[in-house]
>>> print(open('entry-v3.tsv').read())   # TSV, C-alpha atoms
chain	number	residue	atom	x	y	z
A	1	MET	CA	6.75	31.87	-15.11
A	2	ALA	CA	9.09	29.77	-13.03
A	3	GLU	CA	9.99	26.11	-12.97
A	4	ILE	CA	10.20	24.64	-9.46
A	5	PRO	CA	12.02	21.34	-9.08
A	6	VAL	CA	10.43	19.26	-6.31
A	7	LEU	CA	11.29	15.53	-6.47
A	8	GLN	CA	9.06	14.65	-3.54
A	9	ASN	CA	7.00	11.55	-2.86
A	10	ILE	CA	3.36	12.30	-3.70
A	11	LEU	CA	2.27	10.34	-0.62
A	12	LYS	CA	4.68	12.29	1.62
A	13	ALA	CA	1.98	13.67	3.94
A	14	ASN	CA	0.71	10.16	4.63
A	15	ASP	CA	4.24	8.75	4.93
A	16	GLU	CA	5.15	11.27	7.63
A	17	LEU	CA	2.14	10.22	9.69
A	18	ALA	CA	3.00	6.57	9.07
A	19	ALA	CA	6.46	7.29	10.49
A	20	GLN	CA	4.78	8.68	13.62
A	21	VAL	CA	2.69	5.51	13.94
A	22	ARG	CA	5.84	3.41	13.53
A	23	ARG	CA	7.65	5.40	16.20
A	24	ARG	CA	4.82	5.06	18.72
A	25	LEU	CA	4.54	1.33	18.12
A	26	ALA	CA	8.31	0.88	18.46
A	27	GLU	CA	8.34	2.83	21.74
A	28	ALA	CA	5.64	0.54	23.12
A	29	GLY	CA	7.29	-2.59	21.71
A	30	VAL	CA	4.34	-3.44	19.46
A	31	VAL	CA	4.62	-5.34	16.17
A	32	ALA	CA	1.85	-4.44	13.69
A	33	LEU	CA	0.57	-6.54	10.79
A	34	ASN	CA	-1.56	-4.92	8.07
A	35	PHE	CA	-4.00	-7.47	6.57
A	36	ILE	CA	-4.96	-6.67	2.98
A	37	GLY	CA	-7.45	-8.68	0.93
A	38	SER	CA	-10.69	-8.54	-1.04
A	39	PRO	CA	-14.08	-8.19	0.65
A	40	GLY	CA	-15.08	-11.70	1.64
A	41	SER	CA	-11.58	-13.20	1.45
A	42	GLY	CA	-11.85	-14.01	5.16
A	43	LYS	CA	-9.68	-11.36	6.81
A	44	THR	CA	-11.86	-11.16	9.92
A	45	ALA	CA	-12.20	-14.94	10.04
A	46	LEU	CA	-8.41	-15.22	9.87
A	47	LEU	CA	-8.05	-12.89	12.85
A	48	GLU	CA	-10.70	-14.88	14.72
A	49	GLN	CA	-8.60	-18.01	14.20
A	50	THR	CA	-5.15	-16.46	14.65
A	51	ILE	CA	-5.69	-14.58	17.91
A	52	PRO	CA	-6.85	-17.59	20.00
A	53	ALA	CA	-4.01	-19.66	18.51
A	54	LEU	CA	-1.53	-17.10	19.88
A	55	LYS	CA	-3.33	-16.20	23.08
A	56	SER	CA	-0.97	-18.04	25.44
A	57	VAL	CA	2.14	-16.36	24.00
A	58	LEU	CA	1.14	-12.97	22.59
A	59	ARG	CA	-1.13	-10.17	23.77
A	60	ALA	CA	-3.08	-9.04	20.73
A	61	ALA	CA	-5.11	-5.95	19.87
A	62	VAL	CA	-7.02	-5.21	16.68
A	63	ILE	CA	-7.88	-2.22	14.51
A	64	GLU	CA	-10.81	-2.91	12.18
A	65	ALA	CA	-11.19	-0.64	9.15
A	66	ASP	CA	-14.35	-0.79	7.07
A	67	CYS	CA	-16.31	1.65	4.95
A	68	ALA	CA	-19.30	1.21	7.28
A	69	THR	CA	-20.66	-0.74	10.29
A	70	ALA	CA	-18.96	-2.11	13.40
A	71	ARG	CA	-19.79	-5.71	12.54
A	72	ASP	CA	-16.19	-6.88	12.27
A	73	ALA	CA	-15.24	-5.15	15.52
A	74	GLU	CA	-18.16	-6.91	17.26
A	75	ARG	CA	-16.88	-10.26	15.99
A	76	ILE	CA	-13.39	-9.51	17.33
A	77	GLN	CA	-14.77	-8.23	20.64
A	78	ALA	CA	-16.48	-11.59	21.08
A	79	ILE	CA	-13.08	-13.32	21.28
A	80	GLY	CA	-12.07	-11.04	24.12
A	81	VAL	CA	-9.35	-8.72	22.80
A	82	GLU	CA	-9.16	-4.97	22.59
A	83	VAL	CA	-10.49	-3.62	19.29
A	84	VAL	CA	-10.98	-0.20	17.71
A	85	GLN	CA	-13.29	0.24	14.73
A	86	ILE	CA	-12.47	2.81	12.05
A	87	ASN	CA	-15.12	3.68	9.46
A	88	THR	CA	-13.63	5.17	6.33
A	89	GLY	CA	-16.94	6.08	4.66
A	90	LYS	CA	-16.25	6.37	0.96
A	91	GLY	CA	-12.54	5.80	1.54
A	92	CYS	CA	-11.30	2.60	-0.06
A	93	HIS	CA	-8.34	2.22	2.30
A	94	VAL	CA	-7.29	3.34	5.75
A	95	PRO	CA	-4.79	6.24	5.77
A	96	ALA	CA	-2.06	6.64	8.39
A	97	HIS	CA	-3.75	9.53	10.21
A	98	LEU	CA	-6.73	7.34	11.15
A	99	ILE	CA	-4.38	4.68	12.51
A	100	LEU	CA	-2.58	7.35	14.53
A	101	GLN	CA	-5.93	8.40	16.08
A	102	ALA	CA	-6.89	4.78	16.75
A	103	LEU	CA	-3.65	4.20	18.71
A	104	ASP	CA	-4.95	6.64	21.35
A	105	ASN	CA	-7.74	4.19	22.13
A	106	LEU	CA	-5.54	1.13	22.57
A	107	SER	CA	-3.48	-0.02	25.55
A	108	LEU	CA	-0.25	-0.28	23.59
A	109	ARG	CA	1.87	-1.03	26.66
A	110	GLU	CA	-0.18	-4.17	27.22
A	111	THR	CA	0.06	-5.23	23.56
A	112	ASP	CA	2.64	-7.34	21.71
A	113	LEU	CA	0.88	-7.72	18.38
A	114	LEU	CA	-1.45	-5.24	16.67
A	115	LEU	CA	-3.48	-6.76	13.85
A	116	ILE	CA	-4.89	-4.15	11.47
A	117	GLU	CA	-7.62	-5.29	9.11
A	118	ASN	CA	-7.62	-2.91	6.16
A	119	VAL	CA	-10.65	-2.06	4.02
A	120	GLY	CA	-11.49	-4.91	1.62
A	121	ASN	CA	-9.55	-3.93	-1.50
A	122	LEU	CA	-6.42	-5.27	-3.20
A	123	VAL	CA	-5.23	-2.01	-4.75
A	124	CYS	CA	-5.25	1.13	-2.61
A	125	PRO	CA	-4.28	-0.37	0.77
A	126	SER	CA	-1.17	-1.87	-0.81
A	127	GLU	CA	-0.01	1.60	-1.92
A	128	LEU	CA	-0.22	3.32	1.43
A	129	ASP	CA	2.18	2.95	4.33
A	130	ILE	CA	0.26	3.04	7.61
A	131	GLY	CA	3.23	2.43	9.88
A	132	GLU	CA	2.86	-1.35	9.96
A	133	SER	CA	5.78	-3.71	10.52
A	134	ALA	CA	4.65	-5.82	7.55
A	135	LYS	CA	1.78	-6.36	5.15
A	136	VAL	CA	-0.01	-9.70	4.89
A	137	ALA	CA	-1.96	-10.55	1.72
A	138	VAL	CA	-5.14	-12.54	2.32
A	139	ILE	CA	-6.63	-14.23	-0.71
A	140	SER	CA	-9.29	-16.91	-0.92
A	141	ALA	CA	-9.49	-19.82	-3.30
A	142	ALA	CA	-13.02	-18.75	-4.30
A	143	GLU	CA	-11.63	-15.54	-5.85
A	144	GLY	CA	-9.67	-17.36	-8.53
A	145	ASP	CA	-5.98	-18.09	-9.00
A	146	ASP	CA	-5.15	-15.06	-11.16
A	147	LYS	CA	-4.71	-12.43	-8.45
A	148	PRO	CA	-0.90	-12.22	-8.07
A	149	GLN	CA	-0.36	-10.96	-11.63
A	150	LYS	CA	-3.27	-8.53	-11.37
A	151	TYR	CA	-2.17	-6.96	-8.09
A	152	PRO	CA	1.64	-7.06	-8.19
A	153	MET	CA	2.09	-4.15	-5.78
A	154	LEU	CA	0.49	-6.15	-2.97
A	155	PHE	CA	2.10	-9.50	-3.71
A	156	ARG	CA	5.52	-7.91	-4.24
A	157	GLY	CA	5.28	-5.83	-1.07
A	158	CYS	CA	3.90	-8.29	1.48
A	159	ALA	CA	5.81	-10.36	4.03
A	160	ALA	CA	3.40	-13.32	3.89
A	161	VAL	CA	0.52	-14.61	1.76
A	162	VAL	CA	-2.42	-16.44	3.33
A	163	LEU	CA	-4.50	-18.49	0.91
A	164	ASN	CA	-7.82	-19.00	2.68
A	165	LYS	CA	-10.74	-21.35	1.95
A	166	ILE	CA	-8.52	-24.17	0.71
A	167	ASP	CA	-11.36	-26.52	1.73
A	168	LEU	CA	-13.32	-25.07	-1.22
A	169	ILE	CA	-10.66	-25.77	-3.86
A	170	PRO	CA	-12.29	-29.06	-5.02
A	171	TYR	CA	-15.47	-27.13	-5.86
A	172	THR	CA	-13.79	-24.35	-7.89
A	173	ASP	CA	-11.51	-23.96	-10.92
A	174	PHE	CA	-8.76	-22.69	-8.63
A	175	SER	CA	-5.41	-24.21	-9.55
A	176	ARG	CA	-2.97	-24.09	-6.68
A	177	GLU	CA	-0.14	-24.81	-9.10
A	178	ARG	CA	-1.05	-21.85	-11.32
A	179	PHE	CA	-1.48	-19.61	-8.28
A	180	GLU	CA	1.91	-20.56	-6.87
A	181	ARG	CA	3.65	-20.19	-10.22
A	182	ASP	CA	2.22	-16.69	-10.69
A	183	LEU	CA	2.98	-15.73	-7.10
A	184	ARG	CA	6.60	-16.92	-7.38
A	185	ALA	CA	7.05	-14.85	-10.54
A	186	ILE	CA	6.17	-11.75	-8.50
A	187	ASN	CA	7.76	-12.71	-5.21
A	188	ALA	CA	10.00	-15.76	-5.21
A	189	ALA	CA	10.65	-15.93	-1.49
A	190	VAL	CA	7.41	-14.86	0.25
A	191	PRO	CA	6.02	-17.53	2.63
A	192	LEU	CA	2.65	-18.91	1.51
A	193	PHE	CA	0.18	-20.44	3.97
A	194	GLY	CA	-2.80	-22.45	2.79
A	195	VAL	CA	-5.51	-22.31	5.45
A	196	SER	CA	-9.17	-22.90	6.00
A	197	CYS	CA	-10.62	-20.63	8.65
A	198	ARG	CA	-13.69	-22.83	8.55
A	199	THR	CA	-11.99	-26.14	9.37
A	200	GLY	CA	-8.91	-24.73	11.10
A	201	GLU	CA	-6.58	-26.48	8.67
A	202	GLY	CA	-3.20	-24.77	8.34
A	203	ILE	CA	-3.86	-22.24	11.11
A	204	GLU	CA	-1.23	-23.68	13.43
A	205	THR	CA	1.56	-23.34	10.83
A	206	TRP	CA	0.45	-19.80	9.99
A	207	ALA	CA	0.25	-18.82	13.68
A	208	ALA	CA	3.75	-20.18	14.22
A	209	TRP	CA	5.01	-17.86	11.48
A	210	VAL	CA	3.30	-14.88	13.17
A	211	ARG	CA	4.88	-15.83	16.49
A	212	ALA	CA	8.34	-16.11	14.91
A	213	PHE	CA	7.83	-12.81	13.06
A	214	VAL	CA	6.90	-10.95	16.24
A	215	LYS	CA	9.89	-12.46	18.03
A	216	GLY	CA	12.27	-11.51	15.23
A	217	THR	CA	11.04	-7.92	14.78
B	1	MET	CA	-10.06	4.18	-8.65
B	2	HIS	CA	-6.80	4.65	-6.69
B	3	GLU	CA	-5.88	7.33	-9.26
B	4	TYR	CA	-8.35	9.74	-7.60
B	5	ALA	CA	-6.69	9.36	-4.21
B	6	ILE	CA	-3.31	9.92	-5.83
B	7	ALA	CA	-4.61	12.99	-7.68
B	8	GLN	CA	-5.91	14.47	-4.44
B	9	ALA	CA	-2.64	13.88	-2.57
B	10	LEU	CA	-0.75	15.35	-5.51
B	11	LEU	CA	-2.91	18.50	-5.58
B	12	ASP	CA	-2.59	19.02	-1.83
B	13	GLN	CA	1.17	18.99	-2.25
B	14	VAL	CA	1.11	21.18	-5.37
B	15	GLY	CA	-1.07	23.74	-3.56
B	16	ASP	CA	1.32	23.92	-0.59
B	17	ILE	CA	4.36	24.44	-2.78
B	18	ALA	CA	2.62	26.98	-5.01
B	19	ARG	CA	1.56	29.06	-2.01
B	20	ARG	CA	5.09	28.98	-0.57
B	21	HIS	CA	6.30	30.46	-3.86
B	22	ASN	CA	3.52	33.07	-3.96
B	23	ALA	CA	2.29	31.64	-7.24
B	24	ARG	CA	-0.72	33.17	-9.00
B	25	ALA	CA	-1.38	29.90	-10.74
B	26	VAL	CA	0.15	26.52	-11.45
B	27	THR	CA	0.51	25.95	-15.18
B	28	ARG	CA	2.24	22.57	-15.39
B	29	VAL	CA	2.81	19.61	-13.07
B	30	VAL	CA	5.29	16.84	-13.87
B	31	VAL	CA	5.05	13.49	-12.07
B	32	GLN	CA	6.99	10.24	-12.26
B	33	VAL	CA	5.01	7.03	-11.90
B	34	GLY	CA	6.59	3.60	-11.66
B	35	ARG	CA	5.03	0.84	-13.75
B	36	LEU	CA	4.50	-1.32	-10.68
B	37	ARG	CA	1.97	1.26	-9.45
B	38	ARG	CA	-0.40	0.21	-12.24
B	39	VAL	CA	-1.64	3.79	-12.57
B	40	LEU	CA	-3.73	4.45	-15.65
B	41	PRO	CA	-2.50	7.80	-17.03
B	42	GLU	CA	-5.85	8.85	-18.51
B	43	ILE	CA	-7.67	8.20	-15.23
B	44	LEU	CA	-5.02	10.02	-13.20
B	45	ARG	CA	-5.27	12.96	-15.64
B	46	PHE	CA	-9.06	13.00	-15.41
B	47	GLY	CA	-8.95	12.84	-11.58
B	48	PHE	CA	-6.36	15.61	-11.56
B	49	ASP	CA	-8.45	17.86	-13.83
B	50	VAL	CA	-11.58	17.36	-11.74
B	51	ALA	CA	-9.86	17.83	-8.37
B	52	ALA	CA	-7.86	20.81	-9.66
B	53	ALA	CA	-10.90	22.68	-10.96
B	54	ASP	CA	-11.36	24.97	-7.96
B	55	SER	CA	-7.74	25.15	-6.96
B	56	ILE	CA	-4.65	27.16	-7.80
B	57	ALA	CA	-3.80	24.40	-10.29
B	58	ALA	CA	-7.02	24.72	-12.29
B	59	GLY	CA	-6.30	24.07	-15.93
B	60	ALA	CA	-2.69	23.02	-15.28
B	61	ALA	CA	-1.20	20.51	-17.69
B	62	LEU	CA	-0.29	17.21	-16.04
B	63	GLU	CA	2.74	15.45	-17.52
B	64	ILE	CA	3.15	11.82	-16.52
B	65	GLU	CA	6.58	10.25	-16.96
B	66	GLU	CA	6.43	6.48	-16.71
B	67	VAL	CA	9.35	4.84	-14.92
B	68	PRO	CA	10.13	1.26	-15.98
B	69	ILE	CA	10.52	-1.63	-13.57
B	70	HIS	CA	14.30	-1.83	-13.62
B	71	VAL	CA	16.00	-4.73	-11.85
B	72	ARG	CA	19.48	-6.08	-11.21
B	73	CYS	CA	19.96	-9.84	-11.14
B	74	GLY	CA	21.70	-11.19	-8.05
B	75	ALA	CA	22.87	-14.23	-9.98
B	76	CYS	CA	24.19	-12.92	-13.32
B	77	ARG	CA	24.42	-9.21	-12.41
B	78	VAL	CA	22.66	-8.17	-15.62
B	79	GLU	CA	20.33	-5.16	-15.33
B	80	SER	CA	17.02	-5.30	-17.24
B	81	ASN	CA	13.70	-3.57	-17.64
B	82	LEU	CA	10.65	-5.76	-16.99
B	83	ASP	CA	7.64	-5.09	-19.22
B	84	ASP	CA	5.38	-7.00	-16.84
B	85	PRO	CA	5.82	-7.49	-13.12
B	86	VAL	CA	7.21	-10.96	-13.63
B	87	TYR	CA	10.32	-11.03	-11.49
B	88	ILE	CA	12.35	-13.47	-13.50
B	89	CYS	CA	15.71	-12.37	-14.95
B	90	PRO	CA	15.33	-12.13	-18.75
B	91	ALA	CA	19.04	-13.01	-19.09
B	92	CYS	CA	19.42	-16.09	-16.87
B	93	GLY	CA	15.98	-16.96	-15.43
B	94	SER	CA	16.92	-16.33	-11.80
B	95	THR	CA	14.30	-14.92	-9.41
B	96	GLN	CA	16.95	-13.24	-7.21
B	97	LEU	CA	16.18	-9.77	-8.50
B	98	VAL	CA	16.76	-6.48	-6.77
B	99	GLN	CA	14.30	-3.85	-7.90
B	100	LEU	CA	16.01	-0.53	-8.64
B	101	THR	CA	13.06	1.47	-9.99
B	102	GLY	CA	9.37	0.98	-10.76
B	103	GLY	CA	7.61	1.85	-7.48
B	104	GLU	CA	7.87	5.64	-7.89
B	105	LEU	CA	5.07	8.05	-7.20
B	106	ILE	CA	6.91	11.34	-7.33
B	107	LEU	CA	6.09	14.98	-7.89
B	108	LYS	CA	9.05	15.96	-10.05
B	109	SER	CA	8.46	19.65	-10.75
B	110	LEU	CA	5.93	22.44	-11.16
B	111	GLU	CA	5.70	25.39	-13.43
B	112	ILE	CA	4.05	28.38	-11.80
B	113	ASP	CA	2.91	31.77	-12.91
B	114	ASP	CA	4.60	34.06	-10.40
B	115	GLY	CA	3.70	37.28	-12.16
B	116	ARG	CA	7.09	37.59	-13.79
B	117	ASP	CA	7.99	36.87	-17.39
B	118	SER	CA	10.20	33.90	-17.83
B	119	GLY	CA	13.69	34.25	-19.20
B	120	PRO	CA	15.92	37.33	-19.04
B	121	SER	CA	13.56	39.39	-16.88
B	122	GLU	CA	14.63	37.33	-13.85
B	123	HIS	CA	18.04	38.96	-14.25
B	124	PRO	CA	17.19	42.53	-15.26
B	125	GLN	CA	20.09	44.40	-16.76
B	126	SER	CA	20.91	47.71	-15.18
B	127	GLN	CA	20.84	50.57	-17.61
>>> encode(input="entry-v3.tsv", output="structure tokens")
Amino acid sequence: MAEIPVLQNILKANDELAAQVRRRLAEAGVVALNFIGSPGSGKTALLEQTIPALKSVLRAAVIEADCATARDAERIQAIGVEVVQINTGKGCHVPAHLILQALDNLSLRETDLLLIENVGNLVCPSELDIGESAKVAVISAAEGDDKPQKYPMLFRGCAAVVLNKIDLIPYTDFSRERFERDLRAINAAVPLFGVSCRTGEGIETWAAWVRAFVKGT
Amino acid sequence: MHEYAIAQALLDQVGDIARRHNARAVTRVVVQVGRLRRVLPEILRFGFDVAAADSIAAGAALEIEEVPIHVRCGACRVESNLDDPVYICPACGSTQLVQLTGGELILKSLEIDDGRDSGPSEHPQSQ
């Protein structure tokens, strides 16, 4: 019998690949945002609104990760930017090695901003580094206002929170006050953007943050 | 369900280390998990047992050490443990907290069967 001390991150294998992704993006001068949110929170809709709002100042590309289908990638293709679809099958998140493979199919030298839409899930994607510059939490008013306390890893670890579907708030029990109070208890300083991808409300302010983030990174 | 993914990553790592040490079997695995990870120990243990079944770590005991969310307040400098991920200083109410621990997901150590008895036999006395 022998005792072997290790003290090694359990996610080390993934983290090493994430470091490779980060290096390749840095070499090409690309800033990457990792969008994490529930299925149906409006992640794809947010990209559909954000990319045209930035089109005159930033060259965008997209990686779409879903368990199955290329439906999201088709939606992104329709707005005329480069997109790679990853299907994770049973996988509930996208690991760094799939991002690394996807980079081979993108023109990184012609890209300023890479938007990665993770698999719809608030837990696993927030645990795994995929080489992004920052994580963005996407939450919709229809999901309820109790998410920050339930998913602290995401709300503690993200650089921005987008609250989508604010146009629906009058028809739900969502309390913006309760949501903000809970969010602030997890992350006092994170910028919060209320938007409606349906009406376009709030998109301009959010897009301005993205622009400033890309410039400052 | 994220416990299963963690268990798989853990076992991949355990297998690599065990092979490097020419282990016959892995008998014990000790991990440190920060409270912020929201890992349920019984689910992680179940996932570990299932994923380990056909591996060198089959039947190994999994010990899970929970690491508290430990913070230092930027305003009053007091260090505290947070029971819940509510980042408000229990001493002064400030939200300017620096997190010192709580996000860990660490393989701390392994115990392997390397074909030798433990203890004095590692340093055999010459006769």
>>> residues_around(input="entry-v3.tsv", residues="Cys76 (chain B)", least_positions_apart="2", cutoff="9 Å", atoms="only C-alpha atoms", output="number ranges by chain")
B: 72-74, 78-79, 89, 91-92, 94
>>> closest_atom_pairs(input="entry-v3.tsv", of="chain B", to="chain A", cutoff="6 Å", atoms="all atoms listed in the file", output="CSV")
residue,atom,partner,partner_atom,distance
B:His2,CA,A:Cys124,CA,5.6
B:Leu10,CA,A:Ile10,CA,5.4
B:Val86,CA,A:Ala185,CA,5.0
B:Tyr87,CA,A:Ala185,CA,5.1
B:Leu105,CA,A:Ile10,CA,5.8
B:Ile106,CA,A:Asn9,CA,4.5
B:Leu107,CA,A:Gln8,CA,5.3
B:Lys108,CA,A:Leu7,CA,4.2
B:Ser109,CA,A:Pro5,CA,4.3
B:Leu110,CA,A:Ile4,CA,5.1
B:Glu111,CA,A:Glu3,CA,4.4
B:Ile112,CA,A:Ala2,CA,5.4
B:Asp113,CA,A:Met1,CA,4.4
B:Asp114,CA,A:Met1,CA,5.6
B:Arg116,CA,A:Met1,CA,5.9
B:Asp117,CA,A:Met1,CA,5.6
B:Ser118,CA,A:Met1,CA,4.8
>>> residues_around(input="entry-v3.tsv", residues="Arg19 (chain B)", least_positions_apart="6", cutoff="10 Å", atoms="all atoms listed in the file", output="list of chain:residue names")
B:Ala25, B:Val26, B:Ile56
>>> closest_residue(input="entry-v3.tsv", among="B:Val67, B:Ala58, B:Val98, B:Ala5", to="Leu36 (chain B)", atoms="all atoms listed in the file")
B:Val67
>>> axis_aligned_box(input="entry-v3.tsv", around="region 195-213 of chain A", padding_each_side="3 Å", output="AutoDock Vina command-line options")
--center_x -2.7 --center_y -19.6 --center_z 11.0 --size_x 28.0 --size_y 19.7 --size_z 17.0
>>> closest_residue(input="entry-v3.tsv", among="A:Ala73, A:Ala207, A:Val195, A:Leu33", to="Pro52 (chain A)", atoms="only C-alpha atoms")
A:Ala207
>>> residues_around(input="entry-v3.tsv", residues="Ser55 (chain B)", least_positions_apart="3", cutoff="10 Å", atoms="all atoms listed in the file", output="number ranges by chain")
B: 11-12, 14-15, 25-26, 50-52, 58-60
>>> atom_distance(input="entry-v3.tsv", atom1="CA of Thr172 (chain A)", atom2="CA of Thr199 (chain A)")
17.4 Å
>>> residues_near_point(input="entry-v3.tsv", point="(1.9, -21.8, 9.1)", cutoff="10 Å", atoms="all atoms listed in the file", output="PDB file with C-alpha atoms, in the frame of the given file")
ATOM      1  CA  VAL A 162      -2.420 -16.440   3.330  1.00  0.00           C
ATOM      2  CA  PRO A 191       6.020 -17.530   2.630  1.00  0.00           C
ATOM      3  CA  LEU A 192       2.650 -18.910   1.510  1.00  0.00           C
ATOM      4  CA  PHE A 193       0.180 -20.440   3.970  1.00  0.00           C
ATOM      5  CA  GLY A 194      -2.800 -22.450   2.790  1.00  0.00           C
ATOM      6  CA  VAL A 195      -5.510 -22.310   5.450  1.00  0.00           C
ATOM      7  CA  GLU A 201      -6.580 -26.480   8.670  1.00  0.00           C
ATOM      8  CA  GLY A 202      -3.200 -24.770   8.340  1.00  0.00           C
ATOM      9  CA  ILE A 203      -3.860 -22.240  11.110  1.00  0.00           C
ATOM     10  CA  GLU A 204      -1.230 -23.680  13.430  1.00  0.00           C
ATOM     11  CA  THR A 205       1.560 -23.340  10.830  1.00  0.00           C
ATOM     12  CA  TRP A 206       0.450 -19.800   9.990  1.00  0.00           C
ATOM     13  CA  ALA A 207       0.250 -18.820  13.680  1.00  0.00           C
ATOM     14  CA  ALA A 208       3.750 -20.180  14.220  1.00  0.00           C
ATOM     15  CA  TRP A 209       5.010 -17.860  11.480  1.00  0.00           C
ATOM     16  CA  VAL A 210       3.300 -14.880  13.170  1.00  0.00           C
ATOM     17  CA  ARG A 211       4.880 -15.830  16.490  1.00  0.00           C
TER      18      ARG A 211
END
>>> atom_distance(input="entry-v3.tsv", atom1="CA of Val31 (chain B)", atom2="CA of Gln96 (chain B)")
29.7 Å
>>> residues_around(input="entry-v3.tsv", residues="Leu40 (chain B)", least_positions_apart="3", cutoff="10 Å", atoms="all atoms listed in the file", output="PyMOL selection string")
chain B and resi 1-3+33+35+37+43-45
>>> atom_distance(input="entry-v3.tsv", atom1="CA of Leu115 (chain A)", atom2="CA of Lys147 (chain A)")
23.0 Å
